[in-house]
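In what follows, a single structure is set out as structure tokens and then discussed.
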Amino acid sequence: MARYLLSRLIQSFFVLAGLIIMVFVVTRQIGDVARLMLPVDASQEQYLQMRRQIGADDPIVIQFGRYLGELLRGDFGVSLWQNVPAMDLVIGRFLPTAYLTLATLSFSILVALVIGTAAALKPGSLGDRIATVISIFGISVPSFWLALVLITVFAVGLGMFRTSGYGGLEYLVLPVMALSAASVGRFAQIVKSSMLDVLTSQYLVMARAKGLQEHVVLIRHALRNALLPILTIIGDEIIGLLNGAVAIELIFGWPGIGVLTLEAIERRDFVVIQACVLFVAIIVVVVNLLIDLLYAWADPRIRYA
Amino acid sequence: MMTASETMLVELDGERRQKPPSALSLLLHDPVALSAALFVIVVVLAALSADLLVHFDVLHEPLRQNLLARNKPPLFESKLGLHLLGTDQLGRDLLSRLVFGARISLGIGVVTILVSGAVGVALGLVAGYRGGRVDDVIMRLTDIQMGFPQMLLALIVIYAAGASVFNLILVLALTRWMVIARVTRASCLSLRQSLFVEAARSLGASHLRIVVLHILPNLTATLMILISLEFGRVMLAEAGLSFIGMGIQPPEASWGLMLAQGRAYITSAWWLVTFPGLAIALTTLSTNLLAGWVRGVTDPRYRSRL
């Protein structure tokens, strides 16, 4: 386990390093930070002063060192627009996104378990076909369009739920439904195929042979093992949800980090944009690491391989 | 009297005479896949011939504004003629904008897939065939790339470099090559061990020849499935970026951008949101269905269920 942990930690380190280098290169080489940090109508003098101030004329290595030093101290800079530390803004806006993402993740896993298991129990049945149709529509329909349709039907048409805002269940239902469609589709396919594998396994025959009741066999023996493959794609799903959340947050007026990024882009607040990207990326790396460790803990074959 | 092996040969021969059904006849017998294929063909043809259609007055001029006929419903007849799918907030013909939007949405998808496919397949083949240190480096690179949210990366790249079709394609290709590289590598790894590769090698074939002529052709089916799935994902990503204002810029039309523009009129002009959304959803659905169909036809495990 210790060796596995070490190799995963080293890998995460490289992911983070690659990411930091990429953001640095994109903003310093492709763009011009001094320009990005100033309003569009800034004068040439202001521009030159800004270049001196942030040391844009220093050698690239020194610039990178300084940038790295700031990051290591947790200093993401001060928002150009609101004049508060960018990190405070980012953390405050990340919580709603985390709330939305976790709600969507749990909802889609729950739905996928039900329809995936139903499909695996009777291949070719009506339940199987419905599961297939839901999966393929789920991964094909753009979530932001689904969001607009859901608003029109449920909020405007039927007067249920809120069209936008941040809060409890009445605000949460529609964004979660819109965002979870694709995840439900992918999870359901995974659940179905892993359930199919498990259902034909020897230990299930054994469990039945020793006279266990069918629901005990299904829940304690089949489902628990079929859950493992879900763990492997949860990391990718979280990334996908964070991607999709940008448009969903925009539509539902959800005060999350996606909307913050867009606001920062609109106001040309480069410091906050960079802080958003780095913060979310660090969160994703940490979550991926935790999931892999969880997986290794749940499946001894990974630990000792 | 025939020997046992001769009998087997004759039987084999008899089996061979029942020719396996061709891909086309399989397609004709699968109504779902057939309609998906037809839909894709119609959209592609319309996109390719958009200029001709305008020239022969089948379609309206996509940028021709008519402020007297703003947000008119489908089948509305203005002094310019019939608007089959209605008009948008500037009185432009929606159908015509959809067709010209298809050109951009599909075009970006195709070019992106070509770029990310070429990069992904090349790196995947090198990693899978060479193995060792090269493999390690390339796979760590895909790990790094897959480990963070592409949307935010795309936002910062487009913000720093400016929104243009070229940058959009670059960003989408940059964020989508990894899956292709991984799958190519995995298949290449198993093919590398196969007898026919060993045979080619013992006959003195060069590495390049083995990879291009022996391994790559065996990846065709896998890559076709993957590429049609990826095409759908790229289209959704482009639509998403354009929807939040970081992709295609007006007055150009892309389906995602049209959705964003129609959003303000969602309660008064439902067609502005419905049709572009349907266009994205149906195109992605078709490519996903076709991917499933290719898998069904090429994989014997699935084929037996047909």
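Just remember, in the structure tokens the first chain shown is A, the second B, etc., residues are 1-based per chain, and ligands are 1-based in the order shown.
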Go through chain B and flag each residue having an atom no more than 7 Å from chain A; for those, report the closest pair of atoms plus their distance in Å to one decimal, using only C-alpha atoms, ordered by chain and rising number, as a tab-separated table.
```
residue	atom	partner	partner_atom	distance
B:Ile144	CA	A:Val15	CA	4.4
B:Gly147	CA	A:Val285	CA	6.2
B:Phe148	CA	A:Ala281	CA	5.2
B:Pro149	CA	A:Ile239	CA	5.2
B:Gln150	CA	A:Asn243	CA	6.8
B:Met151	CA	A:Asn243	CA	5.0
B:Leu152	CA	A:Val277	CA	5.8
B:Leu153	CA	A:Val277	CA	6.8
B:Val157	CA	A:Val26	CA	6.2
B:Ala160	CA	A:Gly31	CA	4.7
B:Ala161	CA	A:Gly31	CA	5.7
B:Leu236	CA	A:Pro142	CA	6.1
B:Gly240	CA	A:Ala247	CA	6.9
B:Ile244	CA	A:Ala247	CA	6.2
B:Gly277	CA	A:Trp145	CA	5.8
B:Ala281	CA	A:Val141	CA	4.7
B:Thr284	CA	A:Ser140	CA	5.2
B:Leu285	CA	A:Ser140	CA	4.9
```
query = Using only C-alpha atoms, which residues sit within 9 Å of Gly124 of chain B once same-chain residues fewer than 5 positions away are excluded, as JSON, numbers by chain?
reply = {"B": [119, 129, 135, 138, 139, 178, 180, 181, 182, 183, 184, 185, 186, 188]}
inquiry  = Excluding Pro96 of chain A and its own-chain neighbours fewer than 3 positions away, which residues fall within 7 Å of it when counting only C-alpha atoms? Please give them as a PyMOL selection string.
reply    = chain A and resi 93+99-100+255-256
Hey, can you spit out that residue selection with N, CA and C atoms as an mmCIF file, in the first residue's frame?
```
data_model
loop_
_atom_site.group_PDB
_atom_site.id
_atom_site.type_symbol
_atom_site.label_atom_id
_atom_site.label_comp_id
_atom_site.auth_asym_id
_atom_site.auth_seq_id
_atom_site.Cartn_x
_atom_site.Cartn_y
_atom_site.Cartn_z
ATOM 1 N N ARG A 93 -17.029 31.000 -3.918
ATOM 2 C CA ARG A 93 -17.860 30.582 -5.046
ATOM 3 C C ARG A 93 -17.708 29.113 -5.369
ATOM 4 N N TYR A 99 -21.520 21.823 -4.039
ATOM 5 C CA TYR A 99 -22.862 21.400 -3.641
ATOM 6 C C TYR A 99 -23.630 20.841 -4.858
ATOM 7 N N LEU A 100 -23.602 21.598 -5.960
ATOM 8 C CA LEU A 100 -24.296 21.174 -7.173
ATOM 9 C C LEU A 100 -23.685 19.879 -7.727
ATOM 10 N N PRO A 255 -24.581 30.758 -8.111
ATOM 11 C CA PRO A 255 -23.365 31.555 -7.878
ATOM 12 C C PRO A 255 -22.115 30.701 -7.683
ATOM 13 N N GLY A 256 -21.779 29.892 -8.677
ATOM 14 C CA GLY A 256 -20.652 28.979 -8.550
ATOM 15 C C GLY A 256 -19.388 29.506 -9.203
#
```
request  = One decimal, Å: what's the distance from atom CA of Leu196 of chain A over to atom CA of Ala182 of chain A, could you say?
outcome  =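 For atom CA of Leu196 of chain A relative to atom CA of Ala182 of chain A, the distance reads 21.5 Å.
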inquiry  = Ranking B:Phe100, B:Phe39, B:Trp255, B:Phe275 by minimum distance to Pro62 of chain B and counting only C-alpha atoms, which one comes first?
reply    =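 Result for the nearest residue to Pro62 of chain B: B:Phe100.
Across A:Val272, A:Leu158, A:Ala298, A:Ala264, the tightest approach to Asn225 of chain A is made by A:Ala298 when counting only C-alpha atoms.
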ask   = Can you tell me, as a PyMOL selection string, what residues are no more than 10 Å from Ala47 of chain B when counting only C-alpha atoms, ignoring any on the same chain fewer than 2 positions away?
value = chain B and resi 41-45+49-51+53+98-107
message = So, with only C-alpha atoms as the atoms that count, which of B:Ala154, B:Leu195, B:Leu170, B:Leu189 lies closest to Leu216 of chain B?
response =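 Closest to Leu216 of chain B of all the choices is B:Leu189.
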Within 12 Å of Leu27 of chain B, counting only C-alpha atoms, which residues show up once you throw out same-chain ones fewer than 2 positions away? Write them as a PDB file with C-alpha atoms, in the first residue's frame, please.
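As written to disk, selection_1.pdb reads:
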```pdb
ATOM      1  CA  PRO B  21     -23.669  -9.968 -45.193  1.00  0.00           C
ATOM      2  CA  SER B  22     -22.075  -6.788 -46.485  1.00  0.00           C
ATOM      3  CA  ALA B  23     -21.937  -3.666 -44.336  1.00  0.00           C
ATOM      4  CA  LEU B  24     -24.549  -1.996 -46.537  1.00  0.00           C
ATOM      5  CA  SER B  25     -27.094  -4.774 -46.258  1.00  0.00           C
ATOM      6  CA  HIS B  29     -31.721  -4.081 -42.009  1.00  0.00           C
ATOM      7  CA  ASP B  30     -31.198  -1.889 -38.965  1.00  0.00           C
ATOM      8  CA  PRO B  31     -33.822   0.891 -39.013  1.00  0.00           C
ATOM      9  CA  VAL B  32     -32.265   2.844 -36.139  1.00  0.00           C
ATOM     10  CA  ALA B  33     -28.761   2.904 -37.611  1.00  0.00           C
ATOM     11  CA  LEU B  34     -30.182   3.586 -41.062  1.00  0.00           C
ATOM     12  CA  SER B  35     -32.099   6.668 -39.937  1.00  0.00           C
ATOM     13  CA  ALA B  36     -29.030   7.884 -38.040  1.00  0.00           C
ATOM     14  CA  ALA B  37     -26.911   7.487 -41.184  1.00  0.00           C
ATOM     15  CA  LEU B  38     -29.527   9.218 -43.340  1.00  0.00           C
ATOM     16  CA  LEU B 289     -25.887   5.456 -32.636  1.00  0.00           C
ATOM     17  CA  LEU B 290     -23.599   4.869 -35.611  1.00  0.00           C
ATOM     18  CA  TRP B 293     -23.792   0.122 -34.800  1.00  0.00           C
ATOM     19  CA  VAL B 294     -20.167  -0.159 -35.968  1.00  0.00           C
ATOM     20  CA  GLY B 296     -22.225  -4.234 -33.194  1.00  0.00           C
ATOM     21  CA  VAL B 297     -21.152  -5.125 -36.719  1.00  0.00           C
ATOM     22  CA  LEU B 306     -28.219  -8.709 -33.794  1.00  0.00           C
TER      23      LEU B 306
END
```
